[in-house]
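*Asks:* Got a structure for you, protein.cif, holding mmCIF, C-alpha atoms.
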data_my_file
#
loop_
_atom_site.label_atom_id
_atom_site.label_comp_id
_atom_site.auth_asym_id
_atom_site.auth_seq_id
_atom_site.Cartn_x
_atom_site.Cartn_y
_atom_site.Cartn_z
CA MET A 20 57.67 43.68 -57.61
CA ALA A 21 60.43 41.12 -57.70
CA THR A 22 60.62 38.87 -54.69
CA ALA A 23 63.63 37.09 -53.33
CA SER A 24 61.82 33.77 -53.47
CA GLN A 25 61.62 33.83 -57.27
CA SER A 26 65.32 33.26 -57.63
CA PHE A 27 66.00 31.51 -54.38
CA PRO A 28 67.28 27.98 -54.93
CA ARG A 29 64.60 25.50 -53.76
CA SER A 30 66.99 22.64 -53.04
CA PRO A 31 70.71 21.89 -53.29
CA ALA A 32 70.03 20.57 -56.82
CA ASP A 33 68.46 23.86 -57.88
CA ALA A 34 71.57 25.66 -56.77
CA ASN A 35 73.54 23.85 -59.46
CA PRO A 36 74.04 26.40 -62.24
CA GLY A 37 74.52 23.63 -64.84
CA ALA A 38 71.07 22.15 -64.27
CA PRO A 39 68.61 22.50 -67.18
CA ALA A 40 65.80 24.96 -66.75
CA GLY A 41 62.57 23.26 -65.66
CA VAL A 42 59.53 22.99 -67.89
CA ARG A 43 56.82 25.40 -66.85
CA ASP A 44 54.52 23.77 -64.33
CA SER A 45 50.93 23.86 -65.57
CA MET A 46 49.68 24.30 -62.03
CA ALA A 47 52.19 26.91 -60.98
CA PRO A 48 50.50 30.17 -60.21
CA ALA A 49 51.45 32.95 -62.58
CA ARG A 50 53.15 34.70 -59.66
CA GLU A 51 49.85 35.78 -58.22
CA ILE A 52 50.37 38.54 -55.75
CA VAL A 53 47.97 37.96 -52.89
CA PRO A 54 47.06 41.33 -51.46
CA VAL A 55 48.81 41.76 -48.18
CA GLY A 56 46.33 41.73 -45.37
CA ARG A 57 44.41 44.78 -44.53
CA ALA A 58 41.20 43.88 -42.86
CA ASP A 59 38.57 45.28 -40.55
CA SER A 60 38.44 42.13 -38.46
CA VAL A 61 40.12 38.75 -38.16
CA LEU A 62 36.88 37.43 -39.66
CA ASP A 63 38.18 38.63 -43.01
CA LEU A 64 41.51 36.88 -42.60
CA VAL A 65 40.04 33.36 -42.46
CA GLY A 66 40.77 31.09 -45.43
CA ASN A 67 42.83 31.66 -48.57
CA THR A 68 45.55 29.47 -47.15
CA PRO A 69 48.54 28.41 -49.25
CA LEU A 70 48.91 25.04 -50.94
CA LEU A 71 52.34 23.48 -50.48
CA GLU A 72 53.59 20.77 -52.81
CA ILE A 73 55.25 17.99 -50.84
CA THR A 74 58.28 17.00 -52.88
CA ARG A 75 61.22 16.41 -50.56
CA LEU A 76 59.69 13.82 -48.26
CA THR A 77 58.15 12.03 -51.24
CA ALA A 78 61.24 11.99 -53.48
CA GLY A 79 61.56 8.46 -54.82
CA LEU A 80 58.52 7.28 -52.84
CA ILE A 81 55.71 8.05 -55.27
CA PRO A 82 55.25 7.55 -59.02
CA ALA A 83 56.54 10.33 -61.27
CA GLY A 84 53.03 11.14 -62.48
CA VAL A 85 51.66 11.76 -59.00
CA ARG A 86 51.84 14.99 -57.05
CA ILE A 87 50.83 15.62 -53.47
CA PHE A 88 49.80 19.03 -52.19
CA ALA A 89 48.93 20.05 -48.66
CA LYS A 90 46.62 22.89 -47.74
CA LEU A 91 48.36 24.67 -44.89
CA GLU A 92 45.48 25.54 -42.60
CA GLY A 93 47.83 26.68 -39.88
CA PHE A 94 47.96 29.99 -41.74
CA ASN A 95 44.44 30.86 -40.58
CA PRO A 96 44.37 33.62 -37.93
CA GLY A 97 43.34 31.19 -35.19
CA GLY A 98 45.97 28.76 -36.39
CA SER A 99 43.78 25.98 -37.76
CA VAL A 100 41.23 24.82 -40.30
CA LYS A 101 38.56 25.28 -37.63
CA ASP A 102 38.45 29.03 -38.21
CA ARG A 103 36.42 28.27 -41.33
CA PRO A 104 33.50 26.34 -39.79
CA ALA A 105 33.56 28.53 -36.67
CA ARG A 106 33.12 31.70 -38.74
CA LYS A 107 30.35 30.16 -40.84
CA MET A 108 28.45 28.76 -37.86
CA LEU A 109 28.50 32.14 -36.11
CA GLU A 110 27.54 33.94 -39.32
CA VAL A 111 24.56 31.63 -39.88
CA GLY A 112 23.62 31.82 -36.19
CA ILE A 113 23.53 35.63 -36.36
CA ALA A 114 21.62 35.61 -39.67
CA GLU A 115 19.00 33.25 -38.22
CA GLY A 116 18.65 35.35 -35.07
CA LYS A 117 19.82 32.52 -32.82
CA LEU A 118 22.99 34.34 -31.84
CA LYS A 119 22.17 37.82 -30.65
CA PRO A 120 23.37 40.24 -27.97
CA GLY A 121 22.98 38.74 -24.50
CA LYS A 122 23.75 35.21 -25.64
CA VAL A 123 26.83 33.25 -24.68
CA ILE A 124 28.55 31.03 -27.26
CA LEU A 125 28.98 27.55 -25.73
CA ASP A 126 30.33 24.37 -27.27
CA SER A 127 32.28 21.25 -26.51
CA THR A 128 35.67 21.09 -28.15
CA SER A 129 39.04 19.64 -27.38
CA GLY A 130 40.92 22.45 -28.99
CA ASN A 131 41.01 24.08 -32.37
CA THR A 132 37.30 24.82 -32.66
CA GLY A 133 37.45 26.28 -29.18
CA ILE A 134 40.34 28.50 -30.17
CA ALA A 135 38.47 29.63 -33.29
CA LEU A 136 35.25 30.34 -31.38
CA ALA A 137 37.12 32.18 -28.64
CA MET A 138 38.95 34.33 -31.20
CA LEU A 139 35.86 35.09 -33.27
CA GLY A 140 33.69 35.61 -30.17
CA ALA A 141 36.20 38.23 -29.01
CA THR A 142 36.09 40.14 -32.28
CA LEU A 143 32.30 39.90 -32.52
CA GLY A 144 31.78 40.89 -28.88
CA TYR A 145 30.15 37.68 -27.58
CA PRO A 146 31.28 35.85 -24.43
CA VAL A 147 32.49 32.31 -25.12
CA GLU A 148 32.40 29.25 -22.83
CA LEU A 149 33.95 25.94 -23.82
CA VAL A 150 33.70 22.41 -22.46
CA MET A 151 36.84 20.37 -22.91
CA PRO A 152 38.34 17.26 -21.34
CA SER A 153 40.91 18.31 -18.75
CA ASN A 154 43.69 16.47 -20.57
CA VAL A 155 43.81 18.76 -23.61
CA SER A 156 47.20 20.37 -24.09
CA ARG A 157 48.28 23.20 -21.82
CA GLU A 158 48.91 25.48 -24.76
CA ARG A 159 45.32 25.15 -25.89
CA LYS A 160 43.87 26.02 -22.54
CA LYS A 161 46.06 29.12 -22.36
CA ILE A 162 45.30 30.25 -25.90
CA VAL A 163 41.56 29.96 -25.30
CA GLU A 164 41.83 31.87 -22.05
CA ALA A 165 43.97 34.52 -23.72
CA TYR A 166 41.00 35.26 -26.00
CA GLY A 167 38.89 35.76 -22.89
CA ALA A 168 36.89 32.52 -23.03
CA LYS A 169 35.86 30.48 -19.99
CA ILE A 170 36.59 26.74 -19.81
CA HIS A 171 34.48 24.01 -18.19
CA TYR A 172 36.54 20.84 -17.73
CA SER A 173 35.04 17.41 -18.33
CA ASP A 174 36.38 14.03 -17.22
CA PRO A 175 39.43 13.03 -19.30
CA MET A 176 38.40 9.38 -18.95
CA GLU A 177 35.27 10.08 -20.99
CA GLY A 178 37.08 11.72 -23.92
CA SER A 179 35.32 14.10 -26.28
CA ASP A 180 32.01 12.29 -25.85
CA GLY A 181 32.17 13.23 -22.17
CA ALA A 182 32.56 16.89 -23.13
CA ILE A 183 29.59 16.63 -25.51
CA ILE A 184 27.41 15.23 -22.73
CA MET A 185 28.53 17.85 -20.17
CA CYS A 186 27.78 20.58 -22.69
CA ARG A 187 24.24 19.26 -23.15
CA ARG A 188 23.77 19.30 -19.39
CA LEU A 189 24.88 22.94 -19.10
CA ILE A 190 22.35 23.93 -21.74
CA GLU A 191 19.55 21.98 -20.04
CA GLN A 192 20.28 23.81 -16.80
CA ASN A 193 20.09 27.19 -18.50
CA PRO A 194 18.29 26.79 -21.82
CA GLY A 195 17.91 30.43 -22.86
CA ARG A 196 21.43 31.52 -22.10
CA TYR A 197 23.47 29.87 -24.78
CA PHE A 198 24.07 29.72 -28.50
CA LYS A 199 25.62 26.36 -29.33
CA PRO A 200 27.32 26.24 -32.72
CA ASP A 201 27.29 22.42 -32.44
CA GLN A 202 30.02 21.66 -34.95
CA TYR A 203 29.11 17.97 -35.02
CA ASN A 204 25.57 18.54 -36.25
CA ASN A 205 25.59 22.00 -37.81
CA GLU A 206 25.53 21.83 -41.60
CA ALA A 207 27.18 25.28 -41.64
CA ASN A 208 30.37 23.42 -40.66
CA ALA A 209 30.50 21.48 -43.92
CA LEU A 210 29.08 24.47 -45.79
CA ALA A 211 32.12 26.54 -44.79
CA HIS A 212 34.30 24.07 -46.64
CA PHE A 213 31.93 23.87 -49.59
CA GLU A 214 32.13 27.65 -49.91
CA THR A 215 35.84 28.22 -49.18
CA THR A 216 38.17 25.22 -48.93
CA GLY A 217 36.76 23.48 -51.98
CA PRO A 218 36.87 26.50 -54.34
CA GLU A 219 40.36 27.42 -53.11
CA ILE A 220 41.70 23.94 -53.89
CA TRP A 221 39.99 23.94 -57.26
CA ARG A 222 41.57 27.29 -58.10
CA GLN A 223 44.98 26.48 -56.66
CA THR A 224 45.26 23.25 -58.67
CA ARG A 225 43.79 24.82 -61.81
CA GLY A 226 41.04 22.21 -61.63
CA GLN A 227 43.52 19.36 -61.83
CA VAL A 228 42.85 17.82 -58.42
CA THR A 229 41.99 14.11 -58.76
CA HIS A 230 41.99 12.98 -55.12
CA PHE A 231 41.02 14.79 -51.95
CA VAL A 232 42.24 13.27 -48.70
CA ALA A 233 41.22 14.64 -45.29
CA ALA A 234 41.22 13.39 -41.74
CA ILE A 235 37.89 13.25 -39.93
CA GLY A 236 37.09 14.91 -36.62
CA THR A 237 33.57 16.16 -37.26
CA GLY A 238 33.72 15.23 -40.94
CA GLY A 239 33.07 18.84 -41.97
CA THR A 240 36.22 19.24 -44.07
CA VAL A 241 35.90 16.00 -46.00
CA MET A 242 32.14 16.36 -46.52
CA GLY A 243 32.01 20.02 -47.59
CA THR A 244 35.19 20.14 -49.63
CA GLY A 245 34.44 16.76 -51.17
CA ARG A 246 30.96 17.87 -52.20
CA PHE A 247 32.32 20.99 -53.86
CA LEU A 248 35.09 19.20 -55.74
CA LYS A 249 32.69 16.52 -56.97
CA SER A 250 30.32 19.24 -58.16
CA LYS A 251 33.13 20.51 -60.39
CA ASN A 252 34.36 17.08 -61.47
CA SER A 253 32.44 14.00 -60.41
CA ALA A 254 35.55 11.86 -60.96
CA VAL A 255 37.38 13.44 -58.01
CA ARG A 256 37.88 10.75 -55.36
CA VAL A 257 37.11 11.80 -51.80
CA ILE A 258 38.96 9.87 -49.13
CA ALA A 259 38.72 10.14 -45.35
CA VAL A 260 41.44 9.30 -42.86
CA GLU A 261 40.61 8.02 -39.40
CA PRO A 262 42.51 6.58 -36.43
CA ASP A 263 43.10 2.83 -36.78
CA ASP A 264 41.71 2.08 -33.32
CA ALA A 265 39.35 3.50 -30.71
CA MET A 266 42.38 3.89 -28.41
CA HIS A 267 44.51 6.38 -30.29
CA GLY A 268 46.56 9.53 -29.87
CA LEU A 269 45.52 11.54 -32.90
CA GLU A 270 44.17 14.68 -31.30
CA GLY A 271 41.16 16.04 -33.09
CA LEU A 272 40.36 12.88 -35.01
CA LYS A 273 37.51 10.47 -34.42
CA HIS A 274 37.39 6.71 -34.75
CA MET A 275 33.86 6.63 -36.10
CA ALA A 276 32.97 3.04 -35.24
CA SER A 277 33.47 3.74 -31.51
CA SER A 278 32.24 7.34 -31.30
CA ILE A 279 29.03 9.33 -31.31
CA VAL A 280 28.82 9.73 -35.10
CA PRO A 281 28.45 13.43 -36.06
CA GLY A 282 25.18 14.31 -37.77
CA ILE A 283 27.00 16.06 -40.60
CA TYR A 284 29.10 12.98 -41.39
CA HIS A 285 27.68 10.85 -44.19
CA GLU A 286 30.01 7.95 -44.79
CA GLN A 287 28.23 6.82 -47.96
CA LYS A 288 29.45 10.01 -49.68
CA LEU A 289 33.07 8.89 -49.34
CA ASP A 290 34.91 6.92 -51.97
CA ASP A 291 37.25 5.36 -49.44
CA LYS A 292 38.42 5.50 -45.85
CA ILE A 293 42.03 4.92 -44.80
CA PRO A 294 43.10 4.05 -41.25
CA ALA A 295 46.21 5.69 -39.78
CA GLY A 296 48.15 4.48 -36.75
CA THR A 297 49.10 6.94 -34.04
CA GLU A 298 52.78 6.09 -33.91
CA GLU A 299 53.23 6.19 -37.68
CA ALA A 300 51.43 9.55 -37.77
CA TYR A 301 53.74 10.92 -35.06
CA GLU A 302 56.77 9.75 -37.04
CA MET A 303 55.37 11.38 -40.15
CA VAL A 304 55.16 14.68 -38.24
CA TYR A 305 58.86 14.35 -37.43
CA ALA A 306 59.68 13.45 -41.04
CA LEU A 307 57.75 16.44 -42.41
CA GLY A 308 59.64 18.73 -40.05
CA GLN A 309 63.01 17.46 -41.15
CA THR A 310 62.38 17.13 -44.88
CA GLU A 311 59.88 19.82 -45.82
CA GLY A 312 60.71 22.23 -43.05
CA ILE A 313 57.14 22.29 -41.87
CA LEU A 314 56.12 21.56 -38.31
CA VAL A 315 52.53 20.33 -38.16
CA GLY A 316 50.17 18.66 -35.71
CA GLN A 317 49.55 14.93 -35.52
CA SER A 318 46.38 14.98 -37.60
CA SER A 319 48.50 16.29 -40.49
CA GLY A 320 50.83 13.34 -40.00
CA ALA A 321 47.84 11.03 -40.36
CA ALA A 322 46.66 12.91 -43.47
CA MET A 323 50.13 12.65 -45.02
CA ILE A 324 50.23 8.90 -44.42
CA ALA A 325 46.93 8.48 -46.22
CA ALA A 326 48.05 10.75 -49.06
CA LEU A 327 51.18 8.61 -49.48
CA LYS A 328 49.11 5.42 -49.52
CA VAL A 329 46.85 6.88 -52.21
CA ALA A 330 49.87 8.13 -54.18
CA GLN A 331 51.42 4.67 -54.15
CA SER A 332 48.18 3.09 -55.39
CA ILE A 333 47.84 5.20 -58.57
CA ARG A 334 50.04 5.96 -61.59
CA GLU A 335 49.15 9.55 -62.04
CA GLY A 336 47.07 12.15 -60.33
CA THR A 337 47.01 15.24 -58.18
CA ILE A 338 46.32 14.55 -54.54
CA VAL A 339 45.34 17.35 -52.20
CA THR A 340 45.29 16.86 -48.48
CA VAL A 341 44.76 19.15 -45.53
CA PHE A 342 47.30 19.94 -42.83
CA CYS A 343 44.85 21.12 -40.19
CA ASP A 344 47.28 23.14 -38.13
CA PHE A 345 50.89 23.76 -37.22
CA GLY A 346 52.65 21.84 -34.51
CA ASP A 347 53.54 24.47 -31.96
CA LYS A 348 50.42 23.79 -29.87
CA TYR A 349 51.52 20.21 -29.32
CA LEU A 350 55.07 20.67 -28.12
CA SER A 351 54.11 19.81 -24.55
CA THR A 352 52.07 16.75 -25.53
CA ASN A 353 52.81 13.05 -25.91
CA LEU A 354 53.56 13.69 -29.59
CA TRP A 355 57.12 14.54 -28.61
CA ILE A 356 57.73 11.85 -25.99
CA GLY A 357 60.68 9.74 -27.07
CA TRP A 358 61.67 12.27 -29.70
CA HIS A 359 65.32 12.41 -28.65
CA GLN A 360 65.94 8.76 -29.46
CA TRP A 361 64.54 9.35 -32.89
CA ARG A 362 66.25 12.14 -34.79
CA ARG A 363 68.05 11.65 -38.05
CA GLU A 364 68.90 7.95 -38.13
CA ARG A 365 65.30 7.01 -37.54
CA LEU A 366 64.14 9.42 -40.25
CA GLN A 367 65.93 7.34 -42.87
CA GLN A 368 64.22 4.21 -41.55
CA VAL A 369 60.82 5.83 -41.74
CA ILE A 370 61.39 6.97 -45.28
CA ALA A 371 62.78 3.55 -46.23
CA LYS A 372 59.55 2.00 -44.96
CA TRP A 373 57.64 3.99 -47.54
CA ARG A 374 59.97 3.13 -50.40
CA MET A 375 57.94 1.50 -53.13
CA LYS A 376 58.47 -2.19 -53.61
CA MET B 17 48.20 -7.29 -4.63
CA ALA B 18 44.82 -6.09 -5.76
CA VAL B 19 44.61 -2.69 -7.40
CA ARG B 20 41.79 -0.71 -8.94
CA VAL B 21 42.21 0.33 -12.57
CA ARG B 22 40.14 3.12 -14.13
CA VAL B 23 39.43 2.34 -17.76
CA PRO B 24 38.88 5.07 -20.40
CA THR B 25 35.95 4.90 -22.82
CA PRO B 26 37.92 3.52 -25.79
CA LEU B 27 39.05 0.48 -23.77
CA ARG B 28 35.71 -0.37 -22.21
CA ARG B 29 34.85 -2.68 -25.07
CA PHE B 30 37.37 -5.06 -23.46
CA THR B 31 35.85 -4.76 -19.98
CA ALA B 32 32.20 -5.33 -20.90
CA GLY B 33 31.64 -1.62 -20.43
CA ALA B 34 33.07 -1.40 -16.90
CA ASP B 35 34.81 1.91 -16.14
CA GLU B 36 36.77 0.39 -13.28
CA VAL B 37 38.20 -3.12 -12.92
CA SER B 38 40.41 -4.98 -10.46
CA ALA B 39 43.78 -6.45 -11.30
CA ASP B 40 46.69 -8.07 -9.49
CA GLY B 41 50.42 -7.46 -9.67
CA THR B 42 53.34 -5.89 -7.89
CA SER B 43 54.35 -3.59 -10.75
CA ILE B 44 52.58 -1.71 -13.54
CA LYS B 45 53.96 -4.27 -15.95
CA ALA B 46 52.50 -7.18 -13.96
CA VAL B 47 49.17 -5.36 -13.64
CA ILE B 48 49.02 -4.93 -17.42
CA GLU B 49 49.78 -8.64 -17.91
CA ASP B 50 46.96 -9.47 -15.50
CA LEU B 51 44.62 -7.07 -17.30
CA GLU B 52 45.45 -8.88 -20.53
CA ARG B 53 44.56 -12.24 -18.94
CA ARG B 54 41.24 -10.92 -17.68
CA HIS B 55 40.44 -8.68 -20.64
CA PRO B 56 42.26 -9.90 -23.75
CA GLY B 57 43.20 -7.07 -26.13
CA MET B 58 44.20 -4.56 -23.47
CA ARG B 59 47.96 -5.09 -23.60
CA GLU B 60 48.29 -4.36 -27.29
CA ARG B 61 46.48 -1.06 -26.79
CA LEU B 62 48.79 -0.03 -23.95
CA LEU B 63 52.20 -1.39 -24.92
CA ASP B 64 54.17 -1.29 -28.15
CA GLU B 65 55.95 -4.23 -29.71
CA LYS B 66 58.99 -3.65 -27.51
CA GLY B 67 56.86 -3.76 -24.39
CA ASP B 68 57.09 -0.05 -23.63
CA ILE B 69 54.09 2.13 -22.84
CA ARG B 70 52.73 3.52 -26.09
CA ARG B 71 53.59 7.14 -26.57
CA PHE B 72 49.99 8.26 -26.60
CA VAL B 73 48.99 6.41 -23.44
CA ASN B 74 49.38 7.96 -20.01
CA ILE B 75 49.19 5.83 -16.89
CA TYR B 76 48.77 7.42 -13.49
CA LEU B 77 49.57 5.62 -10.24
CA ASN B 78 47.74 7.29 -7.37
CA GLY B 79 47.64 10.41 -9.50
CA ASP B 80 51.31 10.41 -10.57
CA ASP B 81 52.36 9.92 -14.17
CA ILE B 82 54.41 6.72 -14.18
CA ARG B 83 56.81 8.26 -16.71
CA PHE B 84 58.05 10.32 -13.77
CA LEU B 85 58.20 7.26 -11.49
CA ASP B 86 59.81 4.04 -12.64
CA ALA B 87 57.77 3.83 -15.86
CA ILE B 88 56.46 0.35 -16.53
CA ASN B 89 58.49 -1.08 -13.64
CA SER B 90 56.87 1.22 -11.08
CA LYS B 91 55.95 -0.79 -7.99
CA VAL B 92 52.34 -1.00 -6.93
CA LYS B 93 50.86 -2.07 -3.62
CA ASP B 94 47.56 -3.32 -2.36
CA GLY B 95 44.78 -0.80 -2.74
CA ASP B 96 46.62 1.48 -5.19
CA GLY B 97 44.59 3.30 -7.82
CA ILE B 98 45.71 3.23 -11.43
CA SER B 99 44.21 5.36 -14.21
CA ILE B 100 44.72 4.76 -17.90
CA VAL B 101 44.23 8.05 -19.74
CA PRO B 102 44.51 8.46 -23.50
CA ALA B 103 46.80 11.37 -24.32
CA ILE B 104 44.10 13.13 -26.20
CA ALA B 105 40.47 13.87 -26.27
CA GLY B 106 39.49 13.33 -29.90
CA GLY B 107 37.06 15.44 -31.96
CA ARG B 108 38.04 19.00 -32.20
#
Since I need it in another form, could you write the structure as structure tokens?
*Replies:*
Amino acid sequence: MATASQSFPRSPADANPGAPAGVRDSMAPAREIVPVGRADSVLDLVGNTPLLEITRLTAGLIPAGVRIFAKLEGFNPGGSVKDRPARKMLEVGIAEGKLKPGKVILDSTSGNTGIALAMLGATLGYPVELVMPSNVSRERKKIVEAYGAKIHYSDPMEGSDGAIIMCRRLIEQNPGRYFKPDQYNNEANALAHFETTGPEIWRQTRGQVTHFVAAIGTGGTVMGTGRFLKSKNSAVRVIAVEPDDAMHGLEGLKHMASSIVPGIYHEQKLDDKIPAGTEEAYEMVYALGQTEGILVGQSSGAAMIAALKVAQSIREGTIVTVFCDFGDKYLSTNLWIGWHQWRRERLQQVIAKWRMK
Amino acid sequence: MAVRVRVPTPLRRFTAGADEVSADGTSIKAVIEDLERRHPGMRERLLDEKGDIRRFVNIYLNGDDIRFLDAINSKVKDGDGISIVPAIAGGR
């Protein structure tokens, strides 16, 4: 079946009929037709997300031998990468008999994991309760409630650690009632990425990935995917991205030195760690919107910054990063404060900043 | 003018762990300058290089977001309560 996209010009340059035909890209899929979804449950729609090559934002900014790809996790049914660990943690919980009829799924989360648990809990028929700081975005609270979950609010001054502590207290008060997926300490979190994200990236790059760059919240993505990719090719470099300061605005990410370090996070397994500033990550979100036509959340901005830094430090390679979600959940948040004074003029300044010296 | 300032977890390393501190000043700006004198390092976390409140920092004066008051120039009076709240929670 011919699709419109095969002949659709990709950029104004492509629309030039005099341009020479491109050499076949060794990583380009041979027009794989992904079967259009027909599933028994949203459980079966998790994963298999597309990989987008970032070429417009990076034009002239990175060496010719370097390519950057982003895994678009916003395509998951719950809208984020967290659908993967949530599904795996529930699956393992059920298999081990810890999650069974009568139990309530309870966890602390500031957003995407909560959305994933609420969605999957609904389809599996388990009630879901979530502890989150009261300053999480309005959209998130509404989405979670739309899936039928109940929210317990913790003190915004205490951040995500406050939610973790409140969650522990709820379980102590009622020990038999809950199943706690515990994304920070449940190895099924990283295992989800070992089993799905890693193999997908390997397949989608035809085994040519050289660097994997992912932001850390629980560390599940970077640990599990990194472990898989290294098992296929031990030369793959695994690089984590974290906020540059304890006081940051990168929702979902953790500044490890000042946080309760997740049990599944093993820093010695990383090849490198790159700090990202909040404001530069926000600006990268704007730049991605205006150049690639992709609106993502702030953690993706941080991931893109790190991918660019890696790209500018090597001569050739294939960098894969993860865009954890799309940006629509953050439209009411601080991410967009001051946006109007930004717009196009500022975009050129941001891109100029990244121009290689 | 003495005010009480609630300090979020990520800034408590500047206040020897205290979750609430006192500061003086007649505006939010002056209070932040005083916080910087008492707890060096605070200002840089709250204000950008132009002296504006960082985009990911929310400051509440008696429960009202100062962005909807007079921003950094909002007047404060004796006994007011100020809360510094990071825009986000961290850790999904």
*Asks:* As a ChimeraX atom specification, could you give me every residue of chain A near chain B (at most 9 Å apart, counting all atoms listed in the file)?
*Replies:* /A:101,127-133,151-156,175-180,202-203,235-237,264-274,277-278,297-298,352-357
*Asks:* Using the chain letters and numbering of this document, enumerate as a PyMOL selection string the residues selected by the PyMOL selection byres ((chain B and resi 67) around 12).
*Replies:* chain B and resi 44-46+48-49+59-66+68-71+87-89
*Asks:* Those same residues, written as an mmCIF file, keeping the file's coordinate frame with C-alpha atoms?
*Replies:*
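Final output, result-v9.cif:
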data_model
loop_
_atom_site.group_PDB
_atom_site.id
_atom_site.type_symbol
_atom_site.label_atom_id
_atom_site.label_comp_id
_atom_site.auth_asym_id
_atom_site.auth_seq_id
_atom_site.Cartn_x
_atom_site.Cartn_y
_atom_site.Cartn_z
ATOM 1 C CA ILE B 44 52.580 -1.710 -13.540
ATOM 2 C CA LYS B 45 53.960 -4.270 -15.950
ATOM 3 C CA ALA B 46 52.500 -7.180 -13.960
ATOM 4 C CA ILE B 48 49.020 -4.930 -17.420
ATOM 5 C CA GLU B 49 49.780 -8.640 -17.910
ATOM 6 C CA ARG B 59 47.960 -5.090 -23.600
ATOM 7 C CA GLU B 60 48.290 -4.360 -27.290
ATOM 8 C CA ARG B 61 46.480 -1.060 -26.790
ATOM 9 C CA LEU B 62 48.790 -0.030 -23.950
ATOM 10 C CA LEU B 63 52.200 -1.390 -24.920
ATOM 11 C CA ASP B 64 54.170 -1.290 -28.150
ATOM 12 C CA GLU B 65 55.950 -4.230 -29.710
ATOM 13 C CA LYS B 66 58.990 -3.650 -27.510
ATOM 14 C CA ASP B 68 57.090 -0.050 -23.630
ATOM 15 C CA ILE B 69 54.090 2.130 -22.840
ATOM 16 C CA ARG B 70 52.730 3.520 -26.090
ATOM 17 C CA ARG B 71 53.590 7.140 -26.570
ATOM 18 C CA ALA B 87 57.770 3.830 -15.860
ATOM 19 C CA ILE B 88 56.460 0.350 -16.530
ATOM 20 C CA ASN B 89 58.490 -1.080 -13.640
#
*Asks:* Padding 5 Å on every side, please: axis-aligned box over the listed atoms of segment 96-102 of chain B, centre and edge lengths to one decimal in Å, as JSON.
*Replies:*
{"center_x": 45.4, "center_y": 5.0, "center_z": -14.3, "size_x": 12.4, "size_y": 17.0, "size_z": 28.3}
*Asks:* Quick one: residues within 9 Å of Pro200 of chain A, only C-alpha atoms counted, chain neighbours fewer than 4 positions away excluded, as a PDB file with C-alpha atoms, in the frame of the given file?
*Replies:*
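Result saved to result_8.pdb:
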ATOM      1  CA  ALA A 105      33.560  28.530 -36.670  1.00  0.00           C
ATOM      2  CA  MET A 108      28.450  28.760 -37.860  1.00  0.00           C
ATOM      3  CA  LEU A 109      28.500  32.140 -36.110  1.00  0.00           C
ATOM      4  CA  GLY A 112      23.620  31.820 -36.190  1.00  0.00           C
ATOM      5  CA  ILE A 124      28.550  31.030 -27.260  1.00  0.00           C
ATOM      6  CA  LEU A 125      28.980  27.550 -25.730  1.00  0.00           C
ATOM      7  CA  ASP A 126      30.330  24.370 -27.270  1.00  0.00           C
ATOM      8  CA  ASN A 204      25.570  18.540 -36.250  1.00  0.00           C
ATOM      9  CA  ASN A 205      25.590  22.000 -37.810  1.00  0.00           C
ATOM     10  CA  ALA A 207      27.180  25.280 -41.640  1.00  0.00           C
ATOM     11  CA  ASN A 208      30.370  23.420 -40.660  1.00  0.00           C
TER      12      ASN A 208
END
*Asks:* So how many Å separate atom CA of Met303 of chain A and atom CA of Ser99 of chain A, to one decimal?
*Replies:*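 We find that atom CA of Met303 of chain A and atom CA of Ser99 of chain A lie 18.8 Å from each other.
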*Asks:* List the neighbours of Val19 of chain B out to 10 Å using all atoms listed in the file; skip same-chain residues closer than 4 positions along the sequence, and give me the result as a list in words.
*Replies:*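 Here the answer would be Val37, Ser38, Ala39, Asp40, Gly41, Thr42, Val47, Val92, Lys93, Asp94, Gly95, Asp96, Gly97 and Ile98 of chain B.
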*Asks:* Give the answer as one residue: which of A:Val111, A:Ile134, A:Leu248, A:Val100 has the shortest atom-to-atom distance to Thr224 of chain A, using only C-alpha atoms?
*Replies:*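 Counting only C-alpha atoms, the residue closest to Thr224 of chain A is A:Leu248.
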*Asks:* Which residues, named as in the file, does the PyMOL selection byres ((chain A and resi 65-79) around 7) pick out? Answer as a VMD selection string.
*Replies:* chain A and resid 61 to 64 80 to 81 87 to 92 94 to 96 102 to 103 215 219 307 310 to 311
*Asks:* Can you work out the spacing between atom CA of Ala165 of chain A and atom CA of Arg57 of chain A in Å, to one decimal?
*Replies:* 23.2 Å
*Asks:* Mind giving me the straight-line distance from atom CA of Trp358 of chain A to atom CA of Ile82 of chain B in Å, one decimal?
*Replies:*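 Separating atom CA of Trp358 of chain A from atom CA of Ile82 of chain B is a distance of 18.0 Å.
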*Asks:* Restricting the calculation to all atoms listed in the file: of B:Ala18, B:Asp80, B:Gly33, B:Arg28, which residue gets closest to Asp50 of chain B?
*Replies:*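 Looking only at the distances to Asp50 of chain B, the closest residue turns out to be B:Ala18.
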*Asks:* Between A:Leu189, A:Ala276, A:Met375, A:Leu118, single out the one closest to Ser332 of chain A, counting all atoms listed in the file.
*Replies:*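 Ranking A:Leu189, A:Ala276, A:Met375, A:Leu118 by distance to Ser332 of chain A, first place goes to A:Met375.
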*Asks:* Exactly which residues make up the result of the PyMOL selection byres ((chain A and resi 213) around 8) on this file, given as a PyMOL selection string?
*Replies:* chain A and resi 209-212+214-218+243-247
